$ cat upload33.cif   # mmCIF, C-alpha atoms
data_start
#
loop_
_atom_site.label_atom_id
_atom_site.label_comp_id
_atom_site.auth_asym_id
_atom_site.auth_seq_id
_atom_site.Cartn_x
_atom_site.Cartn_y
_atom_site.Cartn_z
CA MET A 1 49.68 134.25 130.13
CA VAL A 2 53.29 134.47 131.32
CA PHE A 3 52.50 132.44 134.42
CA GLU A 4 50.67 129.75 132.44
CA LYS A 5 53.56 129.37 130.01
CA ILE A 6 56.15 129.23 132.78
CA ARG A 7 54.04 126.71 134.66
CA GLU A 8 53.93 124.54 131.52
CA ILE A 9 57.71 124.74 131.09
CA ILE A 10 58.35 123.83 134.72
CA ALA A 11 55.83 120.96 134.64
CA GLU A 12 57.47 119.52 131.56
CA GLN A 13 61.00 119.66 132.93
CA THR A 14 60.18 118.38 136.42
CA GLY A 15 57.55 115.86 135.38
CA LYS A 16 55.17 117.31 137.98
CA ASP A 17 51.53 118.12 137.39
CA GLU A 18 50.67 121.74 136.60
CA SER A 19 48.25 121.74 139.54
CA GLU A 20 51.25 121.47 141.90
CA ILE A 21 52.79 124.66 140.54
CA THR A 22 51.66 128.04 141.91
CA LEU A 23 53.26 131.48 142.10
CA GLU A 24 54.57 130.67 145.56
CA THR A 25 56.18 127.39 144.55
CA ASN A 26 59.89 127.17 145.34
CA VAL A 27 61.09 125.30 142.27
CA LYS A 28 64.06 123.53 143.87
CA GLU A 29 62.52 122.65 147.20
CA ASP A 30 58.86 122.06 146.41
CA LEU A 31 59.33 120.29 143.09
CA ASP A 32 62.48 118.31 143.86
CA ALA A 33 64.37 119.98 141.03
CA ASP A 34 68.16 120.00 140.93
CA SER A 35 70.54 122.50 139.35
CA LEU A 36 70.32 120.84 135.92
CA ASP A 37 66.51 120.92 135.95
CA LEU A 38 66.79 124.63 136.75
CA PHE A 39 69.31 125.18 133.94
CA GLN A 40 66.88 123.70 131.45
CA ILE A 41 63.87 125.56 132.85
CA ILE A 42 65.78 128.83 132.53
CA ASN A 43 66.89 127.88 128.98
CA ASP A 44 63.29 127.19 127.98
CA ILE A 45 62.09 130.46 129.54
CA GLU A 46 64.83 132.36 127.69
CA ASP A 47 63.79 130.77 124.39
CA GLU A 48 60.07 131.20 124.97
CA PHE A 49 60.22 134.89 125.85
CA ASP A 50 63.35 135.84 123.91
CA ILE A 51 65.16 137.18 126.97
CA SER A 52 68.44 136.50 128.68
CA VAL A 53 68.67 135.44 132.31
CA GLU A 54 72.02 136.65 133.59
CA ASP A 55 71.52 135.58 137.20
CA PRO A 56 69.66 132.26 137.36
CA GLU A 57 70.32 132.05 141.12
CA ALA A 58 67.90 134.94 141.65
CA ILE A 59 64.98 132.86 140.39
CA VAL A 60 63.83 130.81 143.36
CA THR A 61 60.02 130.88 143.20
CA VAL A 62 57.72 130.76 140.21
CA LYS A 63 56.75 134.37 141.02
CA ASP A 64 60.43 135.37 140.66
CA ALA A 65 60.39 133.89 137.16
CA VAL A 66 57.13 135.58 136.21
CA ASP A 67 58.30 138.96 137.55
CA PHE A 68 61.61 138.64 135.70
CA VAL A 69 59.91 137.87 132.40
CA GLU A 70 57.33 140.65 132.86
CA SER A 71 60.03 143.23 133.49
CA HIS A 72 62.30 142.11 130.64
CA LYS A 73 60.18 141.02 127.74
CA ASN A 74 59.62 143.27 124.74
CA MET B 1 78.66 106.57 96.32
CA THR B 2 79.02 106.91 100.06
CA THR B 3 81.14 105.73 102.96
CA ARG B 4 80.19 102.76 105.09
CA ILE B 5 81.39 101.60 108.50
CA ILE B 6 82.34 97.96 108.09
CA ALA B 7 83.96 97.35 111.47
CA THR B 8 84.10 98.99 114.87
CA GLY B 9 86.54 98.62 117.74
CA ALA B 10 87.40 100.04 121.13
CA TYR B 11 89.98 99.82 123.87
CA ALA B 12 89.90 101.13 127.44
CA PRO B 13 92.62 100.88 130.09
CA GLY B 14 91.93 98.16 132.65
CA GLN B 15 91.77 100.27 135.82
CA VAL B 16 88.22 101.16 136.83
CA ILE B 17 87.58 104.04 139.23
CA THR B 18 84.12 104.12 140.78
CA ASN B 19 82.21 107.07 142.21
CA ASN B 20 82.98 105.74 145.68
CA ASP B 21 86.70 105.76 144.84
CA LEU B 22 86.35 109.44 143.89
CA ALA B 23 84.44 110.21 147.10
CA LYS B 24 87.65 109.26 148.93
CA ILE B 25 89.68 112.00 147.21
CA VAL B 26 87.16 114.80 146.72
CA ASP B 27 83.99 115.91 148.50
CA THR B 28 81.41 114.12 146.38
CA SER B 29 79.16 111.07 146.49
CA ASP B 30 77.96 108.25 144.31
CA GLU B 31 74.43 109.60 144.68
CA TRP B 32 75.33 113.14 143.57
CA ILE B 33 77.38 112.00 140.57
CA THR B 34 74.83 109.44 139.45
CA GLN B 35 71.90 111.83 139.70
CA ARG B 36 73.63 114.75 138.00
CA THR B 37 75.42 112.81 135.26
CA GLY B 38 74.45 109.14 135.06
CA ILE B 39 78.10 108.13 135.48
CA LYS B 40 78.94 105.30 137.91
CA GLU B 41 82.51 104.44 136.97
CA ARG B 42 85.19 105.28 134.47
CA HIS B 43 88.43 103.73 133.16
CA ILE B 44 91.60 105.57 134.13
CA SER B 45 94.98 104.72 132.67
CA SER B 46 97.58 103.25 134.99
CA GLY B 47 100.24 104.76 132.76
CA ASP B 48 99.50 103.85 129.14
CA ASN B 49 99.35 107.01 127.10
CA THR B 50 96.77 107.81 124.40
CA SER B 51 98.83 106.21 121.63
CA VAL B 52 98.54 102.79 123.26
CA LEU B 53 94.75 103.08 123.34
CA ALA B 54 94.64 104.23 119.72
CA ILE B 55 97.04 101.53 118.52
CA ASN B 56 95.11 98.73 120.23
CA THR B 57 91.90 100.01 118.67
CA ALA B 58 93.52 100.14 115.23
CA LYS B 59 94.76 96.56 115.53
CA GLN B 60 91.30 95.37 116.47
CA LEU B 61 89.81 97.24 113.50
CA LEU B 62 92.21 95.60 111.05
CA GLU B 63 91.38 92.18 112.41
CA ARG B 64 87.63 92.72 112.37
CA ALA B 65 87.64 94.29 108.93
CA GLY B 66 89.80 91.44 107.62
CA VAL B 67 92.16 93.93 106.06
CA GLU B 68 95.95 93.93 105.69
CA ALA B 69 97.71 96.97 107.12
CA GLU B 70 99.41 97.63 103.78
CA SER B 71 96.06 98.24 102.12
CA VAL B 72 94.97 101.00 104.51
CA ASP B 73 94.87 104.34 102.66
CA LEU B 74 94.08 106.80 105.40
CA ILE B 75 94.36 107.01 109.20
CA ILE B 76 92.72 109.86 111.08
CA VAL B 77 92.85 110.06 114.87
CA ALA B 78 90.78 112.59 116.80
CA SER B 79 92.14 113.60 120.20
CA VAL B 80 92.68 116.54 122.52
CA THR B 81 95.16 114.54 124.61
CA PRO B 82 97.77 113.17 122.21
CA ASP B 83 101.11 111.90 123.51
CA TYR B 84 102.99 114.53 121.52
CA GLY B 85 102.46 117.77 119.66
CA THR B 86 104.41 115.90 116.99
CA PRO B 87 104.34 113.10 115.91
CA SER B 88 100.58 112.85 115.55
CA LEU B 89 98.77 109.87 117.05
CA GLY B 90 97.94 108.95 113.44
CA CYS B 91 101.63 108.59 112.62
CA MET B 92 102.27 106.57 115.74
CA VAL B 93 99.40 104.24 114.80
CA GLN B 94 100.74 104.02 111.26
CA LYS B 95 104.11 102.82 112.52
CA GLU B 96 102.77 100.31 115.03
CA ILE B 97 100.33 98.60 112.70
CA GLY B 98 102.60 98.77 109.65
CA ALA B 99 100.22 100.78 107.46
CA VAL B 100 103.12 101.78 105.22
CA ASN B 101 100.94 103.02 102.35
CA ALA B 102 98.62 105.18 104.45
CA VAL B 103 98.48 108.92 105.03
CA ALA B 104 97.96 109.64 108.72
CA PHE B 105 97.09 112.76 110.68
CA ASP B 106 95.19 113.96 113.73
CA VAL B 107 92.11 116.11 114.03
CA THR B 108 91.16 118.18 117.03
CA ALA B 109 87.52 119.02 117.67
CA ALA B 110 87.10 117.94 121.29
CA CYS B 111 84.07 115.78 121.88
CA SER B 112 82.98 116.21 118.27
CA GLY B 113 86.38 114.94 117.15
CA PHE B 114 85.26 111.56 115.89
CA MET B 115 82.45 113.16 113.88
CA PHE B 116 84.91 115.60 112.29
CA ALA B 117 87.38 112.80 111.55
CA LEU B 118 84.67 110.63 109.99
CA SER B 119 83.38 113.59 107.99
CA ILE B 120 86.84 114.20 106.55
CA ALA B 121 87.42 110.50 105.76
CA ASP B 122 84.05 110.45 104.02
CA LYS B 123 85.02 113.32 101.70
CA TYR B 124 88.29 111.64 100.69
CA ILE B 125 86.42 108.40 100.00
CA ARG B 126 83.49 109.95 98.14
CA THR B 127 85.83 111.89 95.87
CA GLY B 128 87.74 108.71 95.08
CA VAL B 129 91.04 109.89 96.51
CA TYR B 130 91.14 107.03 99.00
CA ASN B 131 89.24 103.74 99.21
CA ASN B 132 89.23 103.20 102.94
CA ALA B 133 90.17 104.71 106.28
CA ILE B 134 90.82 103.91 109.90
CA VAL B 135 89.05 106.58 111.98
CA ILE B 136 89.71 106.66 115.69
CA GLY B 137 88.84 108.84 118.69
CA ALA B 138 91.33 108.37 121.54
CA GLU B 139 91.86 110.17 124.85
CA THR B 140 93.61 110.05 128.20
CA LEU B 141 91.59 112.85 129.79
CA SER B 142 92.89 111.74 133.18
CA LYS B 143 96.04 113.75 132.47
CA ILE B 144 94.18 117.06 131.92
CA VAL B 145 91.74 116.77 134.81
CA ASP B 146 92.32 118.55 138.13
CA TRP B 147 91.71 115.64 140.48
CA SER B 148 91.07 118.04 143.36
CA ASP B 149 88.22 119.79 141.49
CA ARG B 150 85.06 117.87 142.25
CA SER B 151 83.06 119.79 139.66
CA THR B 152 85.06 118.31 136.78
CA CYS B 153 87.07 115.29 137.92
CA VAL B 154 83.96 113.13 138.28
CA LEU B 155 83.00 113.56 134.64
CA PHE B 156 85.86 112.25 132.54
CA GLY B 157 87.50 108.96 131.64
CA ASP B 158 90.09 107.41 129.33
CA GLY B 159 89.47 105.26 126.28
CA ALA B 160 89.57 104.89 122.52
CA GLY B 161 87.12 103.76 119.87
CA GLY B 162 87.14 103.60 116.12
CA ALA B 163 85.71 102.49 112.84
CA PHE B 164 87.07 101.01 109.64
CA VAL B 165 85.28 102.67 106.74
CA GLU B 166 85.28 102.06 103.01
CA LYS B 167 83.44 103.20 99.95
CA SER B 168 79.99 101.81 99.39
CA GLU B 169 77.41 101.96 96.62
CA THR B 170 74.57 101.15 98.96
CA ASP B 171 74.44 101.64 102.73
CA GLY B 172 76.50 104.17 104.62
CA ILE B 173 76.44 107.84 105.49
CA ILE B 174 73.18 109.33 104.24
CA LYS B 175 73.53 112.94 105.41
CA GLU B 176 75.91 114.69 107.77
CA GLU B 177 76.97 118.05 109.04
CA ILE B 178 79.69 119.46 111.23
CA GLY B 179 79.67 122.92 112.74
CA THR B 180 81.50 125.28 115.04
CA LYS B 181 80.67 128.40 117.00
CA GLY B 182 84.05 129.88 117.83
CA GLU B 183 82.57 132.84 119.70
CA LEU B 184 81.86 130.37 122.52
CA TYR B 185 85.36 128.94 122.64
CA ASP B 186 86.00 129.99 126.20
CA ILE B 187 83.14 128.09 127.85
CA LEU B 188 85.01 124.78 127.68
CA THR B 189 88.78 124.62 127.55
CA GLU B 190 91.66 122.32 128.41
CA GLY B 191 95.36 121.96 127.72
CA TYR B 192 96.37 125.63 127.76
CA THR B 193 100.10 126.26 127.58
CA SER B 194 101.27 129.86 127.84
CA CYS B 195 103.96 131.39 125.68
CA SER B 196 106.91 131.41 127.99
CA ASN B 197 110.34 131.70 126.42
CA ALA B 198 113.84 132.98 127.09
CA PHE B 199 112.93 136.45 125.83
CA ASN B 200 109.80 137.25 127.82
CA GLY B 201 109.19 137.30 131.53
CA ASN B 202 106.25 134.86 131.34
CA GLU B 203 106.01 132.16 133.95
CA SER B 204 106.75 128.67 132.81
CA GLY B 205 105.29 125.55 134.40
CA THR B 206 101.75 124.21 134.50
CA ASP B 207 99.12 126.86 133.85
CA PRO B 208 95.86 126.43 135.81
CA LEU B 209 94.15 126.36 132.43
CA TRP B 210 96.06 123.20 131.56
CA TYR B 211 93.25 121.45 133.40
CA VAL B 212 89.77 121.21 131.97
CA ASN B 213 87.76 124.31 132.71
CA MET B 214 84.04 124.49 132.01
CA ASN B 215 81.13 126.90 132.37
CA GLY B 216 78.64 124.15 133.16
CA ARG B 217 75.51 126.12 132.51
CA GLU B 218 76.64 127.51 129.18
CA VAL B 219 77.94 124.14 128.03
CA PHE B 220 74.66 122.47 128.97
CA LYS B 221 72.73 125.14 127.09
CA PHE B 222 74.94 124.90 124.02
CA ALA B 223 74.84 121.10 123.98
CA THR B 224 71.07 120.80 124.22
CA LYS B 225 70.38 123.52 121.65
CA SER B 226 73.01 122.71 119.05
CA VAL B 227 72.32 118.97 119.03
CA VAL B 228 68.59 119.41 118.66
CA LYS B 229 68.96 121.87 115.78
CA SER B 230 71.67 119.82 114.08
CA VAL B 231 69.67 116.59 114.22
CA GLU B 232 66.57 118.41 112.94
CA ARG B 233 68.54 119.77 109.98
CA VAL B 234 70.09 116.41 109.12
CA LEU B 235 66.78 114.53 109.35
CA ALA B 236 65.03 117.20 107.29
CA SER B 237 67.68 117.18 104.58
CA ALA B 238 67.43 113.38 104.38
CA ASP B 239 63.64 113.50 104.56
CA VAL B 240 63.72 110.97 107.39
CA SER B 241 61.38 111.18 110.35
CA PRO B 242 62.45 110.61 113.97
CA ASP B 243 60.33 107.41 114.04
CA GLU B 244 62.57 105.80 111.45
CA ILE B 245 65.63 106.01 113.67
CA ALA B 246 66.69 102.71 115.25
CA TYR B 247 69.31 104.18 117.57
CA VAL B 248 70.89 107.51 118.41
CA VAL B 249 74.49 107.33 119.60
CA PRO B 250 75.12 110.68 121.28
CA HIS B 251 78.34 111.97 122.74
CA GLN B 252 78.41 110.42 126.19
CA ALA B 253 78.67 113.53 128.35
CA ASN B 254 75.74 113.46 130.69
CA VAL B 255 72.41 111.59 130.73
CA ARG B 256 70.63 114.81 131.68
CA ILE B 257 71.62 116.38 128.36
CA VAL B 258 70.32 113.28 126.57
CA GLU B 259 67.00 113.53 128.43
CA VAL B 260 66.46 117.07 127.18
CA ILE B 261 67.46 116.14 123.63
CA SER B 262 65.17 113.10 123.63
CA ASN B 263 62.29 115.25 124.82
CA LYS B 264 62.81 118.04 122.29
CA LEU B 265 63.36 115.73 119.30
CA LYS B 266 60.56 113.40 120.35
CA ILE B 267 62.84 110.40 119.94
CA PRO B 268 62.22 107.95 122.80
CA TYR B 269 64.90 107.91 125.47
CA GLU B 270 65.31 104.11 125.03
CA LYS B 271 66.62 104.69 121.52
CA PHE B 272 69.61 106.63 122.82
CA TYR B 273 72.44 104.16 123.28
CA MET B 274 74.52 105.04 126.31
CA ASN B 275 77.46 103.55 128.15
CA MET B 276 78.57 106.63 130.06
CA ASP B 277 77.60 104.86 133.28
CA ARG B 278 80.70 102.70 132.79
CA TYR B 279 83.07 105.00 130.90
CA GLY B 280 82.22 108.58 131.82
CA ASN B 281 82.90 111.26 129.25
CA THR B 282 85.79 110.14 127.03
CA SER B 283 85.58 113.12 124.66
CA SER B 284 86.35 112.08 121.07
CA ALA B 285 86.41 108.39 122.05
CA SER B 286 82.90 108.44 123.43
CA ILE B 287 80.83 108.07 120.27
CA PRO B 288 82.95 105.32 118.68
CA MET B 289 83.16 103.42 122.00
CA ALA B 290 79.38 103.50 122.36
CA LEU B 291 78.86 102.64 118.69
CA ASN B 292 81.25 99.71 119.05
CA GLU B 293 79.34 98.39 122.04
CA LEU B 294 76.03 98.76 120.20
CA ASN B 295 77.57 96.81 117.33
CA GLU B 296 79.19 94.13 119.52
CA ARG B 297 75.88 93.52 121.26
CA GLY B 298 74.27 92.79 117.91
CA LEU B 299 71.69 95.53 118.35
CA VAL B 300 72.07 96.95 114.88
CA LYS B 301 71.38 95.15 111.61
CA ARG B 302 72.21 96.04 108.04
CA GLY B 303 70.00 98.86 106.78
CA ASP B 304 69.08 100.23 110.24
CA LYS B 305 69.10 104.03 110.41
CA ILE B 306 71.48 105.26 113.12
CA LEU B 307 72.12 108.84 114.19
CA LEU B 308 75.51 109.77 115.55
CA THR B 309 75.66 113.16 117.23
CA GLY B 310 78.53 114.86 119.01
CA PHE B 311 79.06 118.24 120.64
CA GLY B 312 81.99 119.74 122.50
CA GLY B 313 84.72 122.24 123.00
CA GLY B 314 85.25 124.82 120.30
CA MET B 315 82.36 124.94 120.51
CA THR B 316 81.79 122.20 117.97
CA TRP B 317 79.13 119.75 116.86
CA GLY B 318 78.68 117.01 114.29
CA THR B 319 75.73 114.84 113.31
CA MET B 320 75.58 111.92 110.93
CA LEU B 321 72.62 109.88 109.69
CA VAL B 322 73.88 106.45 108.73
CA SER B 323 72.30 103.48 107.08
CA TRP B 324 74.21 100.74 108.86
#

$ encode --input "upload33.cif" --output "structure tokens"
Amino acid sequence: MVFEKIREIIAEQTGKDESEITLETNVKEDLDADSLDLFQIINDIEDEFDISVEDPEAIVTVKDAVDFVESHKN
Amino acid sequence: MTTRIIATGAYAPGQVITNNDLAKIVDTSDEWITQRTGIKERHISSGDNTSVLAINTAKQLLERAGVEAESVDLIIVASVTPDYGTPSLGCMVQKEIGAVNAVAFDVTAACSGFMFALSIADKYIRTGVYNNAIVIGAETLSKIVDWSDRSTCVLFGDGAGGAFVEKSETDGIIKEEIGTKGELYDILTEGYTSCSNAFNGNESGTDPLWYVNMNGREVFKFATKSVVKSVERVLASADVSPDEIAYVVPHQANVRIVEVISNKLKIPYEKFYMNMDRYGNTSSASIPMALNELNERGLVKRGDKILLTGFGGGMTWGTMLVSW
């Protein structure tokens, strides 16, 4: 559930197909995302799961994002 | 009764500084700046201060509105880079154009400044206190930018834009709102002067916070969220759908912010009028300069629904739905 939602958010912001996004995907390097794409992805994740991401630099792969949400959501 | 824009104007200093020019003084590149911001070049004053830009805009407005200076009731100038603490830019404009019967003052709301100024002028006009107003946004941001800081110096430019407004029974401002979230004031600052005097030991001289200082991530987040919500509220209160909008004139900060806003509001990107590629971010001048260009190019006709939306330091925002 969390992964699917995060995958949707990332696909929307990067314009890439969801099929290109797996848990191992490195968002910056594999999807050609820059710092502003990442800002917006993090913003959307924060809004979607009602959490706060203090250290966006720590989220490098999709799995990092999923793990963060899993450990922080209510 | 509402307030209608009957003329627009703008003035930018002649000197153009390109991304490649900046790459010679800081470690940056045309490619990086263009991709991150959409800015290619900006106008930087060779010495003319903000008042000159505002005065030239005011003169153009009078000419285009076909109005005598003596019949101007109100002059409001929005700026965060005035020449003086006092006199206001408004008073300097008043003198130079000979608007002897006007009341003039400045408003400070950073990049939302023009929206705040227009909102105030609208209230004076709607309540019948004044019949017309010159509303201007004018900046020389070049004097508050640290030209050795590549994270900020690439973003900003100098310029002024304005509108001549008067009361109208038909077209004009349909709905508007301005807002502030003071708890975020420290994510975007400029122009700090410390309290140094003969009776305290505080250091005098230029404070590092004189120069623009920005938490990029937080500003980006604020801008995208506040604009989207503000536009949604204004459209809802006017019962107007996004499809009815001919153009959106957003504050010209960064195309990447506009992309997110376009996506969230479901208003096509092509409807967002932008000239930040040629002017950079001119703070309170940015919306009126873009609006003026839209107008000069003949892209808007009477009755078109236009959305103006600004956001900036404070943090502040302002959105206006206008029937042109």

$ residues_around --input "upload33.cif" --residues "Phe164 of chain B" --least-positions-apart "2" --cutoff "6 Å" --atoms "only C-alpha atoms" --output "PyMOL selection string"
chain B and resi 5-7+133-134

$ residues_around --input "upload33.cif" --residues "Ser35 of chain A" --least-positions-apart "2" --cutoff "12 Å" --atoms "all atoms listed in the file" --output "PyMOL selection string"
(chain A and resi 13-14+27-29+32-33+37-42+56-57+59-60) or (chain B and resi 32+35-37+216-217+220+256)

$ residues_around --input "upload33.cif" --residues "segment 96-98 of chain B" --least-positions-apart "6" --cutoff "8 Å" --atoms "all atoms listed in the file" --output "list in words"
Ile55, Ala58, Lys59, Ala69 and Glu70 of chain B

$ closest_residue --input "upload33.cif" --among "B:Ala102, B:Cys195, B:Val248, B:Ile125" --to "Glu169 of chain B" --atoms "only C-alpha atoms"
B:Ile125

$ closest_residue --input "upload33.cif" --among "A:Ile10, A:Val69, A:Leu36, A:Ala58" --to "chain B" --atoms "all atoms listed in the file"
A:Leu36

$ closest_residue --input "upload33.cif" --among "B:Gly137, B:Pro82, B:Gly14, B:Pro268" --to "Tyr247 of chain B" --atoms "only C-alpha atoms"
B:Pro268

$ resolve_selection --input "upload33.cif" --expression "the PyMOL selection byres ((chain B and resi 264) around 12)" --output "list in words"
Glu12, Gln13, Gln40 and Asp44 of chain A; Thr224, Lys225, Ser226, Val227, Val228, Lys229, Val231, Glu232, Pro242, Ile257, Val258, Glu259, Val260, Ile261, Ser262, Asn263, Leu265, Lys266, Ile267, Pro268 and Tyr269 of chain B

$ residues_near_point --input "upload33.cif" --point "(61.6, 133.5, 125.0)" --cutoff "12 Å" --atoms "only C-alpha atoms" --output "ChimeraX atom specification"
/A:2,5-6,9,41-53,68-70,72-74

$ build_atoms --input "upload33.cif" --residues "segment 215-231 of chain B" --atoms "N, CA and C atoms" --output "PDB file, in the coordinates of the input"
ATOM      1  N   ASN B 215      82.293 126.166 131.867  1.00  0.00           N
ATOM      2  CA  ASN B 215      81.130 126.900 132.370  1.00  0.00           C
ATOM      3  C   ASN B 215      79.946 125.968 132.187  1.00  0.00           C
ATOM      4  N   GLY B 216      79.632 125.228 133.229  1.00  0.00           N
ATOM      5  CA  GLY B 216      78.640 124.150 133.160  1.00  0.00           C
ATOM      6  C   GLY B 216      77.324 124.558 132.553  1.00  0.00           C
ATOM      7  N   ARG B 217      76.817 125.676 132.998  1.00  0.00           N
ATOM      8  CA  ARG B 217      75.510 126.120 132.510  1.00  0.00           C
ATOM      9  C   ARG B 217      75.528 126.409 131.027  1.00  0.00           C
ATOM     10  N   GLU B 218      76.560 127.136 130.586  1.00  0.00           N
ATOM     11  CA  GLU B 218      76.640 127.510 129.180  1.00  0.00           C
ATOM     12  C   GLU B 218      76.879 126.284 128.295  1.00  0.00           C
ATOM     13  N   VAL B 219      77.681 125.352 128.802  1.00  0.00           N
ATOM     14  CA  VAL B 219      77.940 124.140 128.030  1.00  0.00           C
ATOM     15  C   VAL B 219      76.661 123.311 127.901  1.00  0.00           C
ATOM     16  N   PHE B 220      75.932 123.205 128.976  1.00  0.00           N
ATOM     17  CA  PHE B 220      74.660 122.470 128.970  1.00  0.00           C
ATOM     18  C   PHE B 220      73.706 123.097 127.964  1.00  0.00           C
ATOM     19  N   LYS B 221      73.630 124.431 127.994  1.00  0.00           N
ATOM     20  CA  LYS B 221      72.730 125.140 127.090  1.00  0.00           C
ATOM     21  C   LYS B 221      73.160 124.924 125.641  1.00  0.00           C
ATOM     22  N   PHE B 222      74.443 125.093 125.376  1.00  0.00           N
ATOM     23  CA  PHE B 222      74.940 124.900 124.020  1.00  0.00           C
ATOM     24  C   PHE B 222      74.651 123.488 123.539  1.00  0.00           C
ATOM     25  N   ALA B 223      74.976 122.508 124.376  1.00  0.00           N
ATOM     26  CA  ALA B 223      74.840 121.100 123.980  1.00  0.00           C
ATOM     27  C   ALA B 223      73.389 120.786 123.611  1.00  0.00           C
ATOM     28  N   THR B 224      72.466 121.152 124.486  1.00  0.00           N
ATOM     29  CA  THR B 224      71.070 120.800 124.220  1.00  0.00           C
ATOM     30  C   THR B 224      70.579 121.499 122.956  1.00  0.00           C
ATOM     31  N   LYS B 225      70.882 122.776 122.812  1.00  0.00           N
ATOM     32  CA  LYS B 225      70.380 123.520 121.650  1.00  0.00           C
ATOM     33  C   LYS B 225      71.022 123.067 120.349  1.00  0.00           C
ATOM     34  N   SER B 226      72.337 122.986 120.325  1.00  0.00           N
ATOM     35  CA  SER B 226      73.010 122.710 119.050  1.00  0.00           C
ATOM     36  C   SER B 226      72.691 121.313 118.555  1.00  0.00           C
ATOM     37  N   VAL B 227      72.617 120.345 119.455  1.00  0.00           N
ATOM     38  CA  VAL B 227      72.320 118.970 119.030  1.00  0.00           C
ATOM     39  C   VAL B 227      70.920 118.889 118.437  1.00  0.00           C
ATOM     40  N   VAL B 228      69.969 119.467 119.149  1.00  0.00           N
ATOM     41  CA  VAL B 228      68.590 119.410 118.660  1.00  0.00           C
ATOM     42  C   VAL B 228      68.486 120.012 117.265  1.00  0.00           C
ATOM     43  N   LYS B 229      69.059 121.202 117.092  1.00  0.00           N
ATOM     44  CA  LYS B 229      68.960 121.870 115.780  1.00  0.00           C
ATOM     45  C   LYS B 229      69.713 121.078 114.717  1.00  0.00           C
ATOM     46  N   SER B 230      70.874 120.563 115.055  1.00  0.00           N
ATOM     47  CA  SER B 230      71.670 119.820 114.080  1.00  0.00           C
ATOM     48  C   SER B 230      70.944 118.555 113.635  1.00  0.00           C
ATOM     49  N   VAL B 231      70.402 117.812 114.575  1.00  0.00           N
ATOM     50  CA  VAL B 231      69.670 116.590 114.220  1.00  0.00           C
ATOM     51  C   VAL B 231      68.447 116.930 113.369  1.00  0.00           C
TER      52      VAL B 231
END
